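Visitor: Sharing a structure with you now.
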Amino acid sequence: EVYRVTGLIGNSDRSKIKAERLMEGLYEPTAIAIQAGKVYLGEQDTFSRLEDRNGVGRYCKDEPVVLIDGLSQPNVRSDTVGFAPVEREGEIYLAGNLTTSVKIGGARDHNITVNPKTRRGSTFLLGPVTGAETAEEVDINYYAGGYRTPNGFNVGPEGELVVTDNQGVFNPSNEFIRLTQGAFYGHYLLQRKDSNIAAFQPETVDSQVGGSRYQTPATVHLPQGALHRSPTQPIPLQGLQGPLAVYNKQWLVGDITLGRLNRIFVEQVEGVWQGAAFRHSGGHDPEGKTGFTAGPNRIVRGPDGNYYIGHIGHGGLWQFLPRKGEEPKPHWGLQRLSFVPPDEIPAEFNEMVAVRDIPGGLEIEFFRPLTGDEGKKLNPAVRQWTYVPTNGYGGRNFGTEQLVVASAVWTSDRRRLRMEIPGIRDNSPPYLTHGNYSNENVGWVVQLTLNGLGLYQDQAWYTMIHHQGGGSQLDLAVDASAVESNPA
């Protein structure tokens with residue numbers, strides 16, 4: 001079904017918010033856009049433009065204009081995620097993701113070819129769209145590929161395309177990816193004559209085995225459990241004023257199972273995009289005033305500058321899981337996320353705004369300056385690990401190392417702390433191997449914990465793809481846990 005919701009803007013009275021059903025009988029519409037005054041839908045089987053030919057203000061089953069057909073799979077997980085408008089050479093295209101076929105339990109399934117134009121596990125551009133296009137006037141092209149279940153897509157303020165992907169086969173962690181056109185991100189679709197594979201998947205590589213040496217690294221890893229279990233739509237923060245302006249150009253990413261929004265900071269280091277992830281939101285509230293009622297799945301910025309969150313859920317792991325002793329949470333909801341006025345931000349509030357790569361270490365930016373006494377209380381803990389993508393489900397941390405802060409220097413405004421941390425590794429040799437697989441093109445996660453300061457959030461996870469001055473070349477220590485589980 002498709003609904004139009006009115007009474008949201010400038011109103012806090014729930015009784016004035018109305019939902020009107022515009023259409024029903026659709027096949028799981030999981031992508032929607034308003035472009036040129038028309039509604040565009042992505043269902044499991046089609047891309048369509050809705051037309052109200054009879055002028056009744058709603059849509060009948062015979063009114064949609066089908067633009068692309070034959071997208072469906074004999075699999076519950078073959079969805080369309082999007083849409084977001086993208087401009088190319090003066091024309092508008094609708095971009096999004098096609099998810100892949102997954103068996104119950106998480107294993108890969110063949111993606112049966114219905115329409116030969118479909119490339120599942122990929123980001124597509126549909127168009128050009130004008131509000132009056134015909135099926136003969138549009139086409140589907142691919143921007144990047146190699147995802148497992150990419151339930152998150154958006155376009156940033158600089159036109160960058162961003163995808164979030166879920167942990168699983170070939171994905172030992174969840175991922176936030178700032179796309180490079182033509183890139184393949186490592187999830188191999190099973191290759192067979194009657195099945196399609198992801199866009200830009202190397203056809204010469206055995207799809208049963210795969211291997212990370214042929215992939216482009218993810219931009220930011222989102223460790224399973226600690227940060228995400230089912231990441232959803234990313235959205236850029238922009239237009240924030242006053243002290244909140246420090247968050248502009250960062251991203252929020254929802255998570256269904258953990259019922260939270262996390263925050264992503266990205267930077268370009270000598271031509272490579274990478275960055276840090278932080279926990280961000282404050283938890284659950286049945287009334288929906290100080291926390292989420294359910295798991296955030298879609299989020300959009302309204303004309304009032306607030307963010308509107310659509311929640312979703314189901315049984316088992318497909319829901320915002322209650323903590324012990326809590327009542328089960330709803331499987332749905334619609335909430336408005338508004339920002340605290342600058343004069344109402346608590347004086348004691350502080351957190352890490354950003355973590356940046358610097359030669360030989362990391363730089364931390366804080367929301368507020370720290371006093372000398374606060375700085376003396378700082379007790380940082382740093383460790384790093386990597387991942388090894390395999391054709392098995394998920395994965396654990398590999399090569400975990402504790403690091404030591406050799407020195408720490410404050411900038412004159414005491415808003416930034418520059419820490420020298422020897423031993424940081426990046427996406428360069430030596431590589432760690434596990435069976436027939438390695439961590440090549442994976443990078444390392446540097447986890448930073450700032451104890452003693454009473455910060456709102458005191459942890460950050462920085463994904464190190466390229467370290468200025470070069471990553472550590474020291475030999476990798478023997479992984480004791482791997483020896484215990486596999487003495488050979």
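We label chains A, B, ... in the order they appear in the structure tokens, count residues from 1 in each chain, and number ligands from 1 in the order shown.
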Residues at most 6 Å from region 395-404 of chain A, counting only C-alpha atoms, excluding those fewer than 6 positions away in the same chain, as a count of residues only?
Guide: 8
Visitor: Show me, as an MDAnalysis selection string, the residues that have an atom within 9 Å of region 452-456 of chain A when counting only C-alpha atoms, minus same-chain residues fewer than 4 positions from it.
Guide: chainID A and resid 280 348:352 374:375 377:380
Visitor: Restricting it to all heavy atoms, dump the selection as a compact mmCIF listing (two decimals), in the first residue's frame.
Guide:
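The resulting selection.txt:
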```txt
# COMPACT_ATOMS: atom_id res chain seq x y z
N HIS A 280 24.91 7.23 18.46
CA HIS A 280 24.37 8.60 18.44
C HIS A 280 23.07 8.77 19.22
O HIS A 280 22.94 9.71 19.99
CB HIS A 280 24.16 9.04 16.99
CG HIS A 280 23.83 10.49 16.85
ND1 HIS A 280 24.77 11.49 17.04
CD2 HIS A 280 22.67 11.14 16.57
CE1 HIS A 280 24.21 12.67 16.86
NE2 HIS A 280 22.93 12.49 16.58
N GLU A 348 26.88 20.61 30.35
CA GLU A 348 27.84 19.52 30.56
C GLU A 348 27.95 18.59 29.36
O GLU A 348 28.78 17.67 29.36
CB GLU A 348 27.43 18.70 31.79
CG GLU A 348 26.14 17.91 31.64
CD GLU A 348 24.88 18.72 31.93
OE1 GLU A 348 25.00 19.97 32.07
OE2 GLU A 348 23.79 18.12 32.01
N PHE A 349 27.14 18.82 28.31
CA PHE A 349 27.17 17.91 27.16
C PHE A 349 28.48 18.05 26.40
O PHE A 349 28.92 19.15 26.05
CB PHE A 349 26.02 18.21 26.21
CG PHE A 349 26.08 17.39 24.93
CD1 PHE A 349 25.61 16.09 24.91
CD2 PHE A 349 26.63 17.91 23.78
CE1 PHE A 349 25.69 15.32 23.76
CE2 PHE A 349 26.71 17.16 22.61
CZ PHE A 349 26.24 15.86 22.61
N ASN A 350 29.10 16.91 26.11
CA ASN A 350 30.30 16.89 25.26
C ASN A 350 30.44 15.49 24.69
O ASN A 350 29.98 14.51 25.27
CB ASN A 350 31.56 17.26 26.06
CG ASN A 350 32.64 17.86 25.17
OD1 ASN A 350 32.52 17.88 23.94
ND2 ASN A 350 33.71 18.35 25.78
N GLU A 351 31.05 15.40 23.54
CA GLU A 351 31.32 14.11 22.91
C GLU A 351 32.36 14.30 21.82
O GLU A 351 32.73 15.42 21.47
CB GLU A 351 30.05 13.51 22.32
CG GLU A 351 29.49 14.22 21.10
CD GLU A 351 28.38 13.44 20.43
OE1 GLU A 351 28.27 12.23 20.66
OE2 GLU A 351 27.62 14.05 19.65
N MET A 352 32.81 13.18 21.26
CA MET A 352 33.70 13.23 20.11
C MET A 352 32.87 13.57 18.87
O MET A 352 31.93 12.85 18.54
CB MET A 352 34.42 11.90 19.92
CG MET A 352 35.48 11.61 20.94
SD MET A 352 36.37 10.06 20.60
CE MET A 352 35.24 8.88 21.35
N GLU A 374 40.01 18.70 33.01
CA GLU A 374 39.36 17.60 32.28
C GLU A 374 40.38 16.81 31.48
O GLU A 374 40.33 15.58 31.40
CB GLU A 374 38.27 18.16 31.36
CG GLU A 374 37.04 18.66 32.09
CD GLU A 374 36.06 19.32 31.14
OE1 GLU A 374 36.50 20.04 30.22
OE2 GLU A 374 34.85 19.12 31.33
N GLY A 375 41.31 17.53 30.86
CA GLY A 375 42.34 16.86 30.07
C GLY A 375 43.19 15.91 30.90
O GLY A 375 43.62 14.86 30.41
N LYS A 377 42.17 14.11 33.28
CA LYS A 377 41.39 12.91 33.58
C LYS A 377 41.35 11.94 32.40
O LYS A 377 40.89 10.80 32.55
CB LYS A 377 39.96 13.29 33.95
CG LYS A 377 39.86 14.13 35.21
CD LYS A 377 38.40 14.51 35.46
CE LYS A 377 38.27 15.42 36.67
NZ LYS A 377 36.84 15.85 36.88
N LEU A 378 41.82 12.39 31.26
CA LEU A 378 41.72 11.58 30.05
C LEU A 378 42.52 10.29 30.19
O LEU A 378 43.71 10.31 30.51
CB LEU A 378 42.22 12.38 28.84
CG LEU A 378 42.17 11.69 27.49
CD1 LEU A 378 40.72 11.45 27.09
CD2 LEU A 378 42.87 12.53 26.43
N ASN A 379 41.85 9.17 29.91
CA ASN A 379 42.50 7.86 30.00
C ASN A 379 42.14 7.07 28.75
O ASN A 379 41.23 6.24 28.77
CB ASN A 379 42.05 7.14 31.27
CG ASN A 379 42.72 5.79 31.42
OD1 ASN A 379 43.78 5.53 30.85
ND2 ASN A 379 42.08 4.91 32.17
N PRO A 380 42.84 7.31 27.63
CA PRO A 380 42.45 6.66 26.37
C PRO A 380 42.89 5.21 26.32
O PRO A 380 43.93 4.82 26.85
CB PRO A 380 43.19 7.49 25.32
CG PRO A 380 44.39 8.02 26.03
CD PRO A 380 43.98 8.23 27.45
```
Visitor: For Tyr188 (chain A), list every protein, DNA or RNA residue within 7 Å, evaluated using only C-alpha atoms, and leave out those in the same chain fewer than 3 positions away; present the list as a VMD selection string.
Guide: chain A and resid 146 201 207 210
Visitor: Those same residues, written as a compact mmCIF listing (two decimals), in the first residue's frame with N, CA and C atoms?
Guide:
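New file out.txt:
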```
# COMPACT_ATOMS: atom_id res chain seq x y z
N GLY A 146 28.25 -5.51 -5.82
CA GLY A 146 28.98 -6.36 -4.89
C GLY A 146 28.50 -6.26 -3.46
N GLN A 201 31.05 -7.52 -11.00
CA GLN A 201 31.63 -8.71 -10.38
C GLN A 201 32.56 -9.37 -11.38
N SER A 207 32.79 -17.90 -8.32
CA SER A 207 31.79 -17.25 -7.47
C SER A 207 31.50 -18.04 -6.20
N GLY A 210 35.18 -16.80 -4.30
CA GLY A 210 35.37 -15.37 -4.15
C GLY A 210 36.75 -15.02 -3.64
```
Visitor: Pick out the closest residue to Gln35 (chain A) from this set: A:Pro116, A:Gly131, A:Gly372, A:Gly271. Count only C-alpha atoms.
Guide: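 Ranked by minimum distance to Gln35 (chain A), first place goes to A:Gly131.
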Visitor: Interatomic distance between CA of Leu227 (chain A) and CA of Arg323 (chain A)?
Guide: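 One can read the CA of Leu227 (chain A) to CA of Arg323 (chain A) distance as 16.1 Å.
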Visitor: Could you check the closest approach to Lys329 (chain A) for each of A:Asp304, A:Ile364, A:Ala477, A:Gly259 and tell me which residue wins, using only C-alpha atoms?
Guide: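 Closest to Lys329 (chain A) of all the choices is A:Gly259.
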Visitor: Taking the DSSP secondary structure from the backbone, can you list the residues of region 160-231 of chain A that are strand (DSSP E), as a PyMOL selection string?
Guide: chain A and resi 161-165+174-178+220-222+231
Visitor: May I have the residues within 10 Å of Tyr147 (chain A) as a list in words, using only C-alpha atoms and disregarding those fewer than 6 positions away in the same chain?
Guide: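 Answer for this query is Asn97, Leu98, Thr99, Thr100, Arg120, Gly121, Ser122, Thr123, Val163, Thr164, Asp165, Asn166, Gln167, Val169, Phe170, Asn171, Glu175, Phe184, Tyr185, Gly186, His187, Tyr188, Leu189, Ala198 and Ala199 of chain A.
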Visitor: Please identify all polymer residues within 12 Å of Gly90 (chain A), counting only C-alpha atoms, omitting same-chain residues fewer than 5 positions from it, and present them as number ranges by chain.
Guide: A: 128-130
Visitor: What's around Glu363 (chain A) at 9 Å? Count only C-alpha atoms, leave out sequence neighbours fewer than 2 positions away in its own chain, and write the answer as a list in words.
Guide: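 Listed by chain and then number, they are Ala354, Val355, Arg356, Asp357, Ile358, Gly361, Glu365, Arg416, Leu417, Arg418, Met419 and Glu420 of chain A.
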Visitor: Grab the residues selected above and save them as a short mmCIF file (atom, residue, chain, number, x, y, z; two decimals), in the first residue's frame with C-alpha atoms.
Guide:
```cif
data_model
loop_
_atom_site.label_atom_id
_atom_site.label_comp_id
_atom_site.auth_asym_id
_atom_site.auth_seq_id
_atom_site.Cartn_x
_atom_site.Cartn_y
_atom_site.Cartn_z
CA ALA A 354 35.17 13.58 14.66
CA VAL A 355 38.27 11.38 14.56
CA ARG A 356 40.78 12.17 11.83
CA ASP A 357 43.85 10.42 10.51
CA ILE A 358 47.13 12.29 11.00
CA GLY A 361 48.31 8.81 14.93
CA GLU A 365 37.67 16.85 17.74
CA ARG A 416 41.23 19.02 19.31
CA LEU A 417 43.63 16.45 20.70
CA ARG A 418 46.42 15.10 18.49
CA MET A 419 47.62 11.68 19.65
CA GLU A 420 50.74 9.85 18.52
#
```
Visitor: Which is closest to Ala107 (chain A) among A:Leu190, A:Leu244, A:Val253, A:Val86, if we use only C-alpha atoms?
Guide: A:Leu190
Visitor: Between A:Arg425, A:Lys289, A:Arg148, A:Lys38, which has the minimum distance to Asp475 (chain A) (counting only C-alpha atoms)?
Guide: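 Closest residue, counting only C-alpha atoms: A:Arg425.
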Visitor: Find the residues around Leu258 (chain A) up to 9 Å (only C-alpha atoms counted), leave out those fewer than 3 positions away in its own chain, and share them as a list of chain:residue names.
Guide: A:Gly225, A:Leu227, A:His228, A:Arg229, A:Ser230, A:Gly254, A:Asp255, A:Leu261, A:Gly283, A:Gly295, A:Gln319, A:Phe320, A:Leu321, A:Pro322
Visitor: Which value, in Å to one decimal, gives the distance between CA of Ala381 (chain A) and CA of Thr449 (chain A)?
Guide: 5.1 Å
